[in-house]
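Q: Dumping the structure here so I can ask a few things about it.
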Amino acid sequence: MKKLFLHLVIFISIILAICLGLDRLYKKIIPEKIAEKAYWIWQQKPKKYDYIVLGSSRAESSFNCLVFDSICNSSGINLAINGAGLIENEMVLKHFLEKNSTRILFLELDEANLSPQNHFSYPFHDYVYFPYMDDALIDYYIKKHEQNHHYYWWKYIPFMKYAEYNSNFSLNKLLYPENLDSIIDCKGFRPFYNHESAYTFIDWSGKFLDKRYWEVADYSVPKKSYEEIDSASIEALNNIITICANKNIHVVFYCAPSYEGHFKKYKYNSLDKFEFVNKIAQKKHIPFVNFSYWKYNQIDSIYYDYSHPNIKGANLMTSIFSYYYKNNLQADSSFSHFFNDHF
C-alpha cells in the first residue's frame with residue numbers, strides 16, 4: 001500500500017512539474033506567436049499620443065490612424081479589438097494609460113457594445129489575457145468577469161487555462177504563427193477590402209443589391225428585448241469616462257457607419273441607443289458624432305458588410321472626422337454637410 005501511495009505521489013509530482021513547465025512556456029511564447037490585437041497593444045513602447053481609439057471591430061475597421069495623422073499632423077493609435085465589449089475596453093484603457101498618455105479618446109458606441117451579450121460571441125476575451133494573470137489589473141478583471149470556479153482553476157492549477165482553451169493555443173498555431181501585420185497596420189487599424197462573401201446586401205424591402213453573394217441571414221426586425229442595454233456595459237462606460245476625467249483626457253463618442261439596410265433593420269433599437277448615448281453625452285458634456293446619419297449609407301461599394309466599412313469607407317469616414325478634429329472638435333456647417341440629418 002505504501003509503495004502504491006509512493007508511486008502515486010511520484011506520478012502526480014511528475015505531472016505537476018510538466019504542467020508547471022508548460023504553463024511557464026505558454027506564458028512566454030503565446031504573446032509572441034499568437035496573432036491577437038491585445039498582445040500587440042501590450043508590446044507597444046511608452047509614448048505620448050494626441051489621441052487613441054477604443055471600441056470593437058466597428059472602431060478597429062473604421063478609424064484609419066495613418067490617414068488621420070497624415071491630414072492632422074497628429075499621433076494616434078487604434079486600440080479597438082474585434083468583438084470586445086466595453087468592459088474589455090475599460091481594462092485595455094487602464095493598462096495602456098499606465099505607461100502611455102493621450103489628450104483625446106475617440107470611443108465608438110453603438111447597439112452592439114451596449115448590448116454585447118446579443119452581438120458578440122465573447123465580449124470579454126479573458127482567455128487572451130491568460131499570460132498576464134500575474135498582473136493585478138488583469139487578474140482583477142478576469143476574476144470579476146468569471147465569478148465562478150473557473151477563475152480559481154485558471155489561477156491555481158498550472159496549465160489548466162491553456163488546456164481548456166487548447167483550440168486557441170494549439171500547437172499548430174504556435175509552430176506556424178499567423179503574421180499579425182497581415183491583419184492590422186502599424187497603428188492598429190484593421191482594413192477590410194471589398195465585400196464579405198458571407199453577407200448579401202439587400203435593402204429594407206428585400207430587394208437584392210448584389211446577387212454575387214448567396215448566404216442570406218435572418219433580416220427580420222429583432223424584438224426590443226433582444227436589444228436591452230447591458231448594465232455591466234453602462235458601468236464600464238461610466239468608468240471609462242471617469243478614468244479620462246481624472247487624467248484630463250477629452251472624450252469624444254462616435255458611432256461608426258452602417259449600411260442603410262442594417263440601420264433600418266435595427267432602427268428603433270438603434271434610436272433607443274442613440275437617445276441613451278445622447279443623454280450621457282449631454283450630461284457629461286461629451287461630443288457625439290453619429291456616422292449612421294452620414295450621406296454615404298446607401299453606397300454599398302464602401303462597405304465590407306452591413307456594419308463595417310471597407311477600406312474605402314474607412315478612409316472616407318476618417319477624412320471627415322479629421323476635419324472635425326482640426327476644427328477643435330467643433331461641428332460647423334461644412335462638417336454638417338456630410339450628414340443627412342443631425343449627427
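Ordering of the C-alpha cells sets the chain letters (A, B, ...); residue numbers start at 1 within each chain; ligands are numbered from 1 in the order shown.
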Check the DSSP output for the backbone and give back, as a ChimeraX atom specification, the residues of segment 102-154 of chain A in strand (DSSP E).
A: /A:102-108
Q: Using only C-alpha atoms, which residues of segment 269-337 of chain A come within 12 Å of segment 228-238 of chain A, and what is the closest atom pair for each, with the distance in Å to one decimal? Give it as a Markdown table, sorted by chain and residue number.
A:
```
| residue | atom | partner | partner_atom | distance |
| --- | --- | --- | --- | --- |
| A:Asn269 | CA | A:Glu228 | CA | 8.7 |
| A:Ser270 | CA | A:Glu228 | CA | 10.9 |
| A:Asp272 | CA | A:Ile229 | CA | 9.4 |
| A:Lys273 | CA | A:Ile229 | CA | 8.0 |
| A:Phe274 | CA | A:Ile229 | CA | 11.6 |
| A:Phe276 | CA | A:Ile229 | CA | 9.3 |
| A:Val277 | CA | A:Ile234 | CA | 10.1 |
| A:Ile280 | CA | A:Asn238 | CA | 9.1 |
| A:Ala281 | CA | A:Asn238 | CA | 11.0 |
| A:Lys283 | CA | A:Asn238 | CA | 11.7 |
| A:Lys284 | CA | A:Asn238 | CA | 10.0 |
```
Q: With N, CA and C atoms retained, could you export that selection as a compact mmCIF listing (two decimals), in the first residue's frame?
A:
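Everything below was put into again-v6.txt:
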```
# COMPACT_ATOMS: atom_id res chain seq x y z
N ASN A 269 -34.32 50.15 -32.38
CA ASN A 269 -33.37 49.80 -31.32
C ASN A 269 -32.17 50.73 -31.34
N SER A 270 -31.67 51.04 -32.56
CA SER A 270 -30.54 51.94 -32.68
C SER A 270 -30.91 53.32 -32.15
N ASP A 272 -33.04 54.02 -29.87
CA ASP A 272 -33.04 53.95 -28.40
C ASP A 272 -31.62 54.13 -27.87
N LYS A 273 -30.68 53.48 -28.53
CA LYS A 273 -29.29 53.58 -28.10
C LYS A 273 -28.75 55.00 -28.32
N PHE A 274 -29.07 55.58 -29.47
CA PHE A 274 -28.60 56.93 -29.77
C PHE A 274 -29.14 57.92 -28.74
N PHE A 276 -30.01 57.19 -25.70
CA PHE A 276 -29.32 56.90 -24.44
C PHE A 276 -27.93 57.53 -24.42
N VAL A 277 -27.17 57.34 -25.51
CA VAL A 277 -25.82 57.90 -25.59
C VAL A 277 -25.88 59.42 -25.58
N ILE A 280 -26.22 60.72 -22.04
CA ILE A 280 -24.94 60.68 -21.32
C ILE A 280 -24.01 61.78 -21.83
N ALA A 281 -23.96 61.93 -23.16
CA ALA A 281 -23.09 62.93 -23.76
C ALA A 281 -23.45 64.34 -23.30
N LYS A 283 -25.14 65.17 -20.57
CA LYS A 283 -24.92 65.29 -19.13
C LYS A 283 -23.44 65.48 -18.81
N LYS A 284 -22.59 64.78 -19.54
CA LYS A 284 -21.14 64.83 -19.28
C LYS A 284 -20.41 65.83 -20.18
```
Q: Report the residues of segment 87-219 of chain A whose backbone DSSP state falls under alpha helix (DSSP H), written as a short mmCIF file (atom, residue, chain, number, x, y, z; two decimals) with C-alpha atoms, in the first residue's frame.
A:
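Okay, this is what ended up in states.cif:
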```
data_model
loop_
_atom_site.label_atom_id
_atom_site.label_comp_id
_atom_site.auth_asym_id
_atom_site.auth_seq_id
_atom_site.Cartn_x
_atom_site.Cartn_y
_atom_site.Cartn_z
CA ILE A 87 -15.59 46.02 -20.03
CA GLU A 88 -12.60 44.82 -22.04
CA ASN A 89 -12.20 48.34 -23.45
CA GLU A 90 -12.06 49.67 -19.89
CA MET A 91 -9.36 47.19 -18.91
CA VAL A 92 -7.27 47.90 -22.03
CA LEU A 93 -7.54 51.65 -21.42
CA LYS A 94 -6.41 51.31 -17.80
CA HIS A 95 -3.45 49.18 -18.80
CA PHE A 96 -2.46 51.44 -21.67
CA LEU A 97 -2.54 54.59 -19.55
CA GLU A 98 -0.15 53.05 -17.01
CA LYS A 99 2.75 53.77 -19.40
CA GLU A 111 -26.19 48.89 -30.31
CA ALA A 112 -23.55 46.13 -30.33
CA ASN A 113 -21.31 47.16 -27.44
CA LEU A 114 -24.27 48.46 -25.43
CA ALA A 136 -3.00 42.61 -10.63
CA LEU A 137 -5.11 44.64 -13.07
CA ILE A 138 -5.71 41.72 -15.44
CA ASP A 139 -6.27 39.33 -12.56
CA TYR A 140 -8.91 41.68 -11.13
CA TYR A 141 -10.89 41.90 -14.38
CA ILE A 142 -10.76 38.18 -15.11
CA LYS A 143 -11.89 37.39 -11.57
CA LYS A 144 -14.67 39.99 -11.83
CA HIS A 145 -15.82 38.63 -15.17
CA HIS A 149 -14.88 28.27 -10.08
CA HIS A 150 -13.26 28.83 -13.50
CA TYR A 151 -11.14 31.68 -12.21
CA TYR A 152 -9.66 29.56 -9.41
CA TRP A 153 -8.89 26.69 -11.79
CA TRP A 154 -7.08 29.08 -14.11
CA LYS A 155 -5.27 30.84 -11.30
CA TYR A 156 -4.07 27.95 -9.17
CA MET A 160 -5.39 24.28 -16.79
CA LYS A 161 -6.37 27.52 -18.51
CA TYR A 162 -4.36 26.79 -21.65
CA ALA A 163 -5.60 23.21 -21.81
CA GLU A 164 -9.20 24.39 -21.55
CA LEU A 171 0.45 23.51 -31.22
CA ASN A 172 -0.14 24.24 -34.89
CA LYS A 173 -0.74 27.93 -34.13
CA LEU A 174 2.40 28.09 -32.00
CA LEU A 175 4.58 26.36 -34.58
#
```
Q: What's the 7 Å shell around segment 34-44 of chain A, counting only C-alpha atoms, without same-chain residues fewer than 3 positions away, as a list in words?
A: Ile30, Pro31, Leu79, Ile81, Lys173, Leu174, Pro177, Glu178, Asn179 and Leu180 of chain A
Q: For atom CA of Ser292 of chain A and atom CA of Asp185 of chain A, determine how far apart the two atoms are, in Å to one decimal place.
A: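 Separation between atom CA of Ser292 of chain A and atom CA of Asp185 of chain A: 25.3 Å.
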